[in-house]
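Since the structure comes first, as structure tokens, the remarks are kept for the end.
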Amino acid sequence: MSKLILQPGDHRRLLREFVENTKGTIRIASAYVTDTALLKDNETRVRLLTSFDAMDLISGATSLDSLANLLERGVQCRLVERIPKLHAKVYIFADGSAVITSANLTGNALDSNIEVGHQFSGDAVTGLSRWFDTIWHGGRQLAASDVESWKKKIAPLRARWDQARSELLKLTSELLTGRPAEGIGDLFTGTRRFFYFNTNRRNEKPTANGRWKLEEEMRVRGCAVVWTTFKSERDMKSVQPGDVILAFAKGVGVIGVGVAKSGPTILRIDAAESIYRLRTPIARDVTPNKREWRIDVDWLEWKRDSDACPLNRDVRGISQQPPNASFLDVTDGWIPEKVRKHFLRT
């Protein structure tokens with residue numbers, strides 16, 4: 001049996017089916033690891049081979065939190081430290097079936113990237129298992145104590161990496177567009193208008209690596225999205241290119257700051273390019289009449305929850321919270337200044 005895996009999202013569906021139906025050893029080779037949702041608890045039958053490269057850990061290509069989670073759940077993990085570097089993406093299910101693919105064991109690869117895989121069975125699976133076992137026996141066993149030690153060493157380097165990456169993206173934008181790129185500090189000068197919108201985590205669960213799927217789609221696609229009915233439709237209609245957009249995650253704070261590249265466009269909620277239709281589980285209020293309002297945004301910053309700008313303040317001993325609205329013009333309020341101080345400080 002032979003099958004091509006071509007559509008975004010099909011990797012997770014097919015691999016999960018094999019994980020659930022395989023009785024013997026599951027062998028996985030993946031250069032990068034950030035996903036834990038594919039595997040179930042008590043997965044002592046799983047052998048995971050991955051590369052060990054300090055830059056992969058610093059950049060987040062491989063998540064130490066994900067490795068720790070997998071180890072805690074019983075997955076056996078070994079590292080390929082020597083040159084040549086492990087770059088294969090292979091999933092072997094006992095001696096019955098296997099998948100060779102471009103998809104790493106990461107959330108983006110399994111859910112949304114354009115990846116190509118080939119699933120097959122037969123004698124070739126036995127040969128692939130022998131190849132895996134040869135590398136496995138030469139790998140170094142990964143322990144939970146190793147992960148904790150690396151976390152402490154990498155934390156300050158990760159912060160420096162994020163800053164360097166931000167500067168690199170700015171320089172790249174200048175190179176490609178031929179004009180100076182805007183930075184966070186540039187947004188708070190002049191007479192710009194500020195709008196904030198709720199990323200709407202309600203009815204959604206975070207992925208295994210602690211991300212929120214719809215927020216990630218907005219960040220990657222470069223847009224701010226809300227769904228009717230929302231409270232400030234008039235404000236959203238007034239957005240123009242150059243206005244500042246603040247992405248607000250309820251209970252966390254402002255995680256994203258960017259510049260609008262367009263006014264709003266409106267999509268049917270069931271349109272092929274709709275972001276809302278990717279929500280899992282699908283919310284109860286999805287109907288063909290529901291609309292998705294979208295503004296194209298050049299996101300200049302997008303923070304982890306731990307680095308978000310909290311939106312609350314004390315006024316004469318009384319705690320004030322941000323307005324409860326899905327999209328709102330906050331130009332004349334206290335929010336822009338609080339965001340400016342936080343993002344320029346961090």
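Residue numbering restarts at 1 in every chain; chains get A, B, ... in the order shown in the structure tokens, and ligands count up from 1 in that same order.
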Subject >> Long-range neighbours of range 128-132 of chain A as a count of residues only, 8 Å cut-off, only C-alpha atoms, 4 positions minimum in chain >> reply: 6
Original post:
Counting only C-alpha atoms, what is within 7 Å of Leu328 in chain A, bar same-chain residues fewer than 4 positions away, as JSON, numbers by chain?
Top reply: {"A": [195, 196, 197, 232, 235]}
Can you write out the residues you just picked, keeping N, CA and C atoms, as a compact mmCIF listing (two decimals), in the first residue's frame?
# COMPACT_ATOMS: atom_id res chain seq x y z
N PHE A 195 -5.97 51.09 17.78
CA PHE A 195 -7.13 50.22 17.91
C PHE A 195 -6.70 48.92 18.59
N TYR A 196 -7.51 48.45 19.51
CA TYR A 196 -7.18 47.15 20.09
C TYR A 196 -8.33 46.19 19.87
N PHE A 197 -7.96 44.91 19.69
CA PHE A 197 -8.99 43.89 19.45
C PHE A 197 -8.68 42.66 20.29
N SER A 232 -17.90 46.91 18.43
CA SER A 232 -17.39 48.16 17.87
C SER A 232 -17.19 48.06 16.36
N ASP A 235 -16.00 51.32 14.79
CA ASP A 235 -14.58 51.61 14.94
C ASP A 235 -13.75 50.83 13.93
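Residues with any atom within 10 Å of Met55 in chain A, counting only C-alpha atoms and excluding same-chain neighbours fewer than 2 positions away, are Phe52, Asp53, Leu57, Ile58, Ser59, Gly60, Ala61, Thr62, Ile154, Leu157, Arg158 and Trp161 of chain A.
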Original post:
Looking only at the backbone, which of the residues in range 11-45 of chain A does DSSP tag as strand (DSSP E), as a VMD selection string?
Top reply: chain A and resid 26 to 29
**OP:** Would you please extract all alpha helix (DSSP H) residues from range 62-165 of chain A, as assigned by DSSP on the backbone, and give them as a PyMOL selection string?
**Re:** chain A and resi 64-72+107-111+123-138+144-165
For the residues in that selection, give me N, CA and C atoms as a short mmCIF file (atom, residue, chain, number, x, y, z; two decimals), in the first residue's frame.
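In the end it all went to out.cif:
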data_model
loop_
_atom_site.label_atom_id
_atom_site.label_comp_id
_atom_site.auth_asym_id
_atom_site.auth_seq_id
_atom_site.Cartn_x
_atom_site.Cartn_y
_atom_site.Cartn_z
N LEU A 64 12.21 22.86 24.53
CA LEU A 64 12.61 22.09 25.72
C LEU A 64 11.40 21.69 26.55
N ASP A 65 10.39 22.55 26.61
CA ASP A 65 9.17 22.21 27.35
C ASP A 65 8.50 20.99 26.73
N SER A 66 8.49 20.92 25.40
CA SER A 66 7.88 19.78 24.73
C SER A 66 8.66 18.50 25.01
N LEU A 67 9.98 18.58 24.96
CA LEU A 67 10.80 17.40 25.26
C LEU A 67 10.57 16.93 26.69
N ALA A 68 10.48 17.88 27.61
CA ALA A 68 10.24 17.51 29.02
C ALA A 68 8.88 16.83 29.17
N ASN A 69 7.87 17.35 28.47
CA ASN A 69 6.53 16.76 28.52
C ASN A 69 6.53 15.34 27.98
N LEU A 70 7.21 15.12 26.87
CA LEU A 70 7.26 13.78 26.27
C LEU A 70 7.98 12.80 27.18
N LEU A 71 9.09 13.22 27.78
CA LEU A 71 9.81 12.35 28.71
C LEU A 71 8.94 11.98 29.91
N GLU A 72 8.22 12.96 30.42
CA GLU A 72 7.35 12.72 31.57
C GLU A 72 6.27 11.70 31.25
N GLY A 107 3.97 21.50 15.64
CA GLY A 107 2.59 21.87 15.40
C GLY A 107 2.36 22.45 14.02
N ASN A 108 3.24 23.34 13.59
CA ASN A 108 3.07 23.95 12.26
C ASN A 108 3.17 22.92 11.16
N ALA A 109 4.12 22.00 11.27
CA ALA A 109 4.31 20.99 10.23
C ALA A 109 3.11 20.06 10.13
N LEU A 110 2.58 19.65 11.26
CA LEU A 110 1.48 18.68 11.26
C LEU A 110 0.14 19.31 10.92
N ASP A 111 0.00 20.63 11.15
CA ASP A 111 -1.32 21.25 11.02
C ASP A 111 -1.47 22.21 9.85
N ASP A 123 8.21 -4.64 2.58
CA ASP A 123 9.58 -4.95 2.99
C ASP A 123 10.40 -3.70 3.28
N ALA A 124 10.09 -2.59 2.60
CA ALA A 124 10.87 -1.37 2.80
C ALA A 124 10.78 -0.87 4.24
N VAL A 125 9.68 -1.17 4.92
CA VAL A 125 9.52 -0.73 6.31
C VAL A 125 10.54 -1.42 7.21
N THR A 126 10.78 -2.71 6.94
CA THR A 126 11.77 -3.45 7.73
C THR A 126 13.15 -2.84 7.57
N GLY A 127 13.52 -2.50 6.34
CA GLY A 127 14.82 -1.86 6.11
C GLY A 127 14.92 -0.51 6.78
N LEU A 128 13.83 0.26 6.78
CA LEU A 128 13.82 1.57 7.42
C LEU A 128 13.96 1.42 8.94
N SER A 129 13.35 0.38 9.50
CA SER A 129 13.47 0.14 10.94
C SER A 129 14.91 -0.19 11.32
N ARG A 130 15.60 -0.96 10.47
CA ARG A 130 17.00 -1.29 10.74
C ARG A 130 17.86 -0.01 10.71
N TRP A 131 17.59 0.86 9.74
CA TRP A 131 18.31 2.13 9.67
C TRP A 131 18.12 2.93 10.95
N PHE A 132 16.87 3.01 11.41
CA PHE A 132 16.55 3.76 12.63
C PHE A 132 17.28 3.17 13.82
N ASP A 133 17.22 1.87 13.97
CA ASP A 133 17.80 1.22 15.15
C ASP A 133 19.31 1.41 15.20
N THR A 134 19.96 1.43 14.05
CA THR A 134 21.41 1.66 14.01
C THR A 134 21.76 3.02 14.59
N ILE A 135 21.00 4.05 14.18
CA ILE A 135 21.25 5.40 14.71
C ILE A 135 20.83 5.48 16.17
N TRP A 136 19.73 4.82 16.52
CA TRP A 136 19.24 4.83 17.90
C TRP A 136 20.30 4.32 18.87
N HIS A 137 20.94 3.21 18.53
CA HIS A 137 21.92 2.61 19.43
C HIS A 137 23.17 3.48 19.57
N GLY A 138 23.41 4.38 18.62
CA GLY A 138 24.54 5.28 18.72
C GLY A 138 24.20 6.62 19.33
N ALA A 144 15.41 13.85 31.95
CA ALA A 144 14.71 15.07 32.36
C ALA A 144 15.65 16.07 32.99
N SER A 145 16.67 15.58 33.70
CA SER A 145 17.64 16.49 34.34
C SER A 145 18.42 17.28 33.29
N ASP A 146 18.68 16.66 32.12
CA ASP A 146 19.36 17.37 31.04
C ASP A 146 18.53 18.56 30.58
N VAL A 147 17.23 18.32 30.41
CA VAL A 147 16.33 19.37 29.92
C VAL A 147 16.30 20.54 30.89
N GLU A 148 16.17 20.26 32.17
CA GLU A 148 16.11 21.33 33.16
C GLU A 148 17.40 22.14 33.19
N SER A 149 18.54 21.46 33.03
CA SER A 149 19.83 22.15 33.01
C SER A 149 19.93 23.07 31.80
N TRP A 150 19.48 22.58 30.64
CA TRP A 150 19.54 23.40 29.42
C TRP A 150 18.61 24.61 29.51
N LYS A 151 17.45 24.44 30.15
CA LYS A 151 16.52 25.56 30.29
C LYS A 151 17.19 26.74 30.99
N LYS A 152 17.93 26.46 32.05
CA LYS A 152 18.58 27.52 32.81
C LYS A 152 19.67 28.20 31.99
N LYS A 153 20.40 27.40 31.21
CA LYS A 153 21.50 27.97 30.41
C LYS A 153 20.98 28.79 29.24
N ILE A 154 19.87 28.36 28.66
CA ILE A 154 19.40 28.95 27.41
C ILE A 154 18.51 30.17 27.62
N ALA A 155 17.87 30.28 28.79
CA ALA A 155 16.91 31.37 29.03
C ALA A 155 17.47 32.75 28.66
N PRO A 156 18.66 33.16 29.16
CA PRO A 156 19.17 34.49 28.79
C PRO A 156 19.54 34.59 27.31
N LEU A 157 19.98 33.48 26.72
CA LEU A 157 20.32 33.49 25.30
C LEU A 157 19.07 33.61 24.44
N ARG A 158 17.98 33.01 24.92
CA ARG A 158 16.72 33.09 24.17
C ARG A 158 16.22 34.54 24.10
N ALA A 159 16.36 35.27 25.20
CA ALA A 159 15.94 36.68 25.21
C ALA A 159 16.78 37.50 24.22
N ARG A 160 18.07 37.23 24.18
CA ARG A 160 18.94 37.95 23.24
C ARG A 160 18.62 37.56 21.80
N TRP A 161 18.27 36.30 21.59
CA TRP A 161 17.89 35.85 20.25
C TRP A 161 16.64 36.57 19.76
N ASP A 162 15.65 36.70 20.62
CA ASP A 162 14.41 37.37 20.23
C ASP A 162 14.69 38.81 19.81
N GLN A 163 15.57 39.49 20.55
CA GLN A 163 15.91 40.87 20.21
C GLN A 163 16.65 40.94 18.89
N ALA A 164 17.62 40.02 18.69
CA ALA A 164 18.39 40.01 17.45
C ALA A 164 17.50 39.69 16.26
N ARG A 165 16.56 38.78 16.45
CA ARG A 165 15.65 38.40 15.37
C ARG A 165 14.79 39.60 14.97
#
